[in-house]
file upload20.pdb (PDB, C-alpha atoms and all ligand atoms)
ATOM      1  CA  MET A   1       0.000   0.000   0.000
ATOM      2  CA  MET A   2       2.810   2.416   0.882
ATOM      3  CA  ARG A   3       4.438   1.717  -2.477
ATOM      4  CA  PHE A   4       1.218   2.595  -4.274
ATOM      5  CA  ILE A   5       0.924   5.923  -2.442
ATOM      6  CA  PHE A   6       4.590   6.606  -3.137
ATOM      7  CA  PHE A   7       4.061   5.857  -6.823
ATOM      8  CA  CYS A   8       1.045   8.163  -6.963
ATOM      9  CA  LEU A   9       3.030  10.918  -5.299
ATOM     10  CA  LEU A  10       5.889  10.431  -7.733
ATOM     11  CA  ALA A  11       3.525  10.491 -10.718
ATOM     12  CA  TYR A  12       1.942  13.661  -9.352
ATOM     13  CA  LEU A  13       5.312  15.316  -8.893
ATOM     14  CA  VAL A  14       6.368  14.360 -12.420
ATOM     15  CA  TYR A  15       3.079  15.746 -13.733
ATOM     16  CA  ARG A  16       3.615  19.010 -11.840
ATOM     17  CA  LEU A  17       7.186  19.236 -13.102
ATOM     18  CA  ILE A  18       6.097  18.726 -16.726
ATOM     19  CA  SER A  19       3.333  21.333 -16.484
ATOM     20  CA  PHE A  20       5.801  23.705 -14.859
ATOM     21  CA  TRP A  21       8.263  23.219 -17.710
ATOM     22  CA  GLN A  22       5.510  23.774 -20.255
ATOM     23  CA  ARG A  23       4.531  27.022 -18.537
ATOM     24  CA  LEU A  24       8.193  28.013 -18.392
ATOM     25  CA  GLY A  25       8.723  27.295 -22.081
ATOM     26  CA  ARG A  26       5.614  29.151 -23.197
ATOM     27  CA  PRO A  27       6.869  32.756 -22.887
ATOM     28  CA  ALA A  28       9.952  31.867 -24.902
ATOM     29  CA  SER A  29       7.888  30.277 -27.657
ATOM     30  CA  SER A  30       5.339  33.108 -27.669
ATOM     31  CA  GLY A  31       8.196  35.559 -28.165
ATOM     32  CA  SER A  32       8.940  34.383 -31.680
ATOM     33  CA  PRO A  33       5.486  35.047 -33.223
ATOM     34  CA  GLN A  34       5.750  38.617 -31.866
ATOM     35  CA  THR A  35       8.507  39.376 -34.373
ATOM     36  CA  PRO A  36       6.653  40.733 -37.407
ATOM     37  CA  PRO A  37       6.595  38.367 -40.366
ATOM     38  CA  VAL A  38       8.288  39.636 -43.520
ATOM     39  CA  ARG A  39       5.464  41.151 -45.498
ATOM     40  CA  SER A  40       5.625  40.574 -49.227
ATOM     41  CA  GLY A  41       3.332  43.585 -49.776
ATOM     42  CA  ASN A  42       5.991  46.060 -48.649
ATOM     43  CA  MET A  43       5.386  49.503 -50.138
ATOM     44  CA  VAL A  44       8.246  51.571 -51.521
ATOM     45  CA  LYS A  45       8.378  55.123 -52.850
ATOM     46  CA  ASP A  46       9.439  56.242 -56.274
ATOM     47  CA  GLU A  47      11.346  59.479 -55.638
ATOM     48  CA  VAL A  48      10.918  60.597 -59.253
ATOM     49  CA  CYS A  49       7.120  60.535 -59.617
ATOM     50  CA  GLN A  50       6.404  60.469 -55.827
ATOM     51  CA  THR A  51       4.213  57.373 -55.926
ATOM     52  CA  TYR A  52       4.036  54.367 -53.636
ATOM     53  CA  PHE A  53       3.847  50.870 -55.042
ATOM     54  CA  PRO A  54       4.572  47.271 -53.929
ATOM     55  CA  GLN A  55       8.239  46.431 -53.695
ATOM     56  CA  GLU A  56       7.838  43.297 -55.827
ATOM     57  CA  ASN A  57       6.814  45.520 -58.764
ATOM     58  CA  ALA A  58       9.696  47.921 -58.240
ATOM     59  CA  LEU A  59      12.884  48.327 -60.199
ATOM     60  CA  ARG A  60      15.725  48.312 -57.700
ATOM     61  CA  GLU A  61      18.831  50.370 -58.234
ATOM     62  CA  ILE A  62      21.749  51.109 -55.924
ATOM     63  CA  ILE A  63      22.693  54.792 -56.369
ATOM     64  CA  ASP A  64      25.598  56.104 -54.281
ATOM     65  CA  GLY A  65      25.258  53.073 -52.007
ATOM     66  CA  GLU A  66      21.595  53.890 -51.411
ATOM     67  CA  GLU A  67      18.816  51.564 -52.429
ATOM     68  CA  ARG A  68      16.284  53.259 -54.690
ATOM     69  CA  PHE A  69      13.056  51.939 -56.119
ATOM     70  CA  PHE A  70      11.416  52.993 -59.352
ATOM     71  CA  CYS A  71       8.004  52.275 -60.831
ATOM     72  CA  SER A  72       9.349  52.098 -64.382
ATOM     73  CA  PRO A  73      12.602  52.158 -66.381
ATOM     74  CA  GLU A  74      11.585  55.682 -67.382
ATOM     75  CA  CYS A  75      11.723  56.900 -63.781
ATOM     76  CA  ARG A  76      15.012  55.133 -63.196
ATOM     77  CA  ARG A  77      16.476  56.818 -66.280
ATOM     78  CA  LYS A  78      15.229  60.238 -65.100
ATOM     79  CA  CYS A  79      16.761  59.755 -61.675
ATOM     80  CA  LEU A  80      20.104  58.677 -63.132
ATOM     81  CA  GLU A  81      20.072  61.634 -65.531
ATOM     82  CA  GLU A  82      19.442  64.066 -62.690
ATOM     83  CA  ARG A  83      22.272  62.497 -60.734
ATOM     84  CA  ASN A  84      24.612  63.076 -63.650
ATOM     85  CA  LYS A  85      23.383  66.659 -64.117
ATOM     86  CA  SER A  86      24.059  67.621 -60.514
ATOM     87  CA  ARG A  87      27.685  66.619 -60.834
TER      88      ARG A  87
HETATM   89 ZN    ZN B   1       7.821  56.523 -61.242
END

call {"tool": "encode", "arguments": {"input": "upload20.pdb", "output": "structure tokens"}}
result
Amino acid sequence: MMRFIFFCLLAYLVYRLISFWQRLGRPASSGSPQTPPVRSGNMVKDEVCQTYFPQENALREIIDGEERFFCSPECRRKCLEERNKSR
């Protein structure tokens, strides 16, 4: 009989320990969904025609180490021309 009670106590302690660990692990696991997922619908601005459009539709160009986005090759050409003019 004593063995049975001891076994029950042990099982209870193990159960408590497991639930404690699960509670302990929860804040760590809930921390990762808080980081914002990378949105594919990220909006960027075309500095030439001052319009916003999705980044996946943008033409990307590195100008003077700065990342620029353009809605069309026309806008990219205009921006590059203005860069050359200012020099
Ligand atoms: Zn444009």

call {"tool": "closest_residue", "arguments": {"input": "upload20.pdb", "among": "A:Trp21, A:Met2, A:Cys79, A:Asp64", "to": "Cys49 of chain A", "atoms": "all atoms listed in the file"}}
result
A:Cys79

call {"tool": "closest_residue", "arguments": {"input": "upload20.pdb", "among": "A:Ile62, A:Val48, A:Pro54, A:Phe6", "to": "Lys78 of chain A", "atoms": "all atoms listed in the file"}}
result
A:Val48

call {"tool": "residues_near_point", "arguments": {"input": "upload20.pdb", "point": "(19.6, 55.9, -53.0)", "cutoff": "12 Å", "atoms": "all atoms listed in the file", "output": "JSON, numbers by chain"}}
result
{"A": [45, 46, 47, 48, 60, 61, 62, 63, 64, 65, 66, 67, 68, 69, 70, 76, 79, 80, 83]}

call {"tool": "closest_residue", "arguments": {"input": "upload20.pdb", "among": "A:Gln22, A:Asn84, A:Thr51, A:Asn57", "to": "ligand ZN 1 (chain B)", "atoms": "all atoms listed in the file"}}
result
A:Thr51

call {"tool": "closest_residue", "arguments": {"input": "upload20.pdb", "among": "A:Asn42, A:Gln55, A:Ser72, A:Ser86", "to": "ligand ZN 1 (chain B)", "atoms": "all atoms listed in the file"}}
result
A:Ser72

call {"tool": "atom_distance", "arguments": {"input": "upload20.pdb", "atom1": "atom CA of Phe53 of chain A", "atom2": "atom CA of Gly41 of chain A"}}
result
9.0 Å

call {"tool": "atom_distance", "arguments": {"input": "upload20.pdb", "atom1": "atom CA of Glu74 of chain A", "atom2": "atom CA of Met43 of chain A"}}
result
19.3 Å

call {"tool": "atom_distance", "arguments": {"input": "upload20.pdb", "atom1": "atom CA of Arg77 of chain A", "atom2": "atom CA of Leu59 of chain A"}}
result
11.0 Å

call {"tool": "closest_residue", "arguments": {"input": "upload20.pdb", "among": "A:Glu56, A:Ser19, A:Glu82, A:Gln50", "to": "ligand ZN 1 (chain B)", "atoms": "all atoms listed in the file"}}
result
A:Gln50
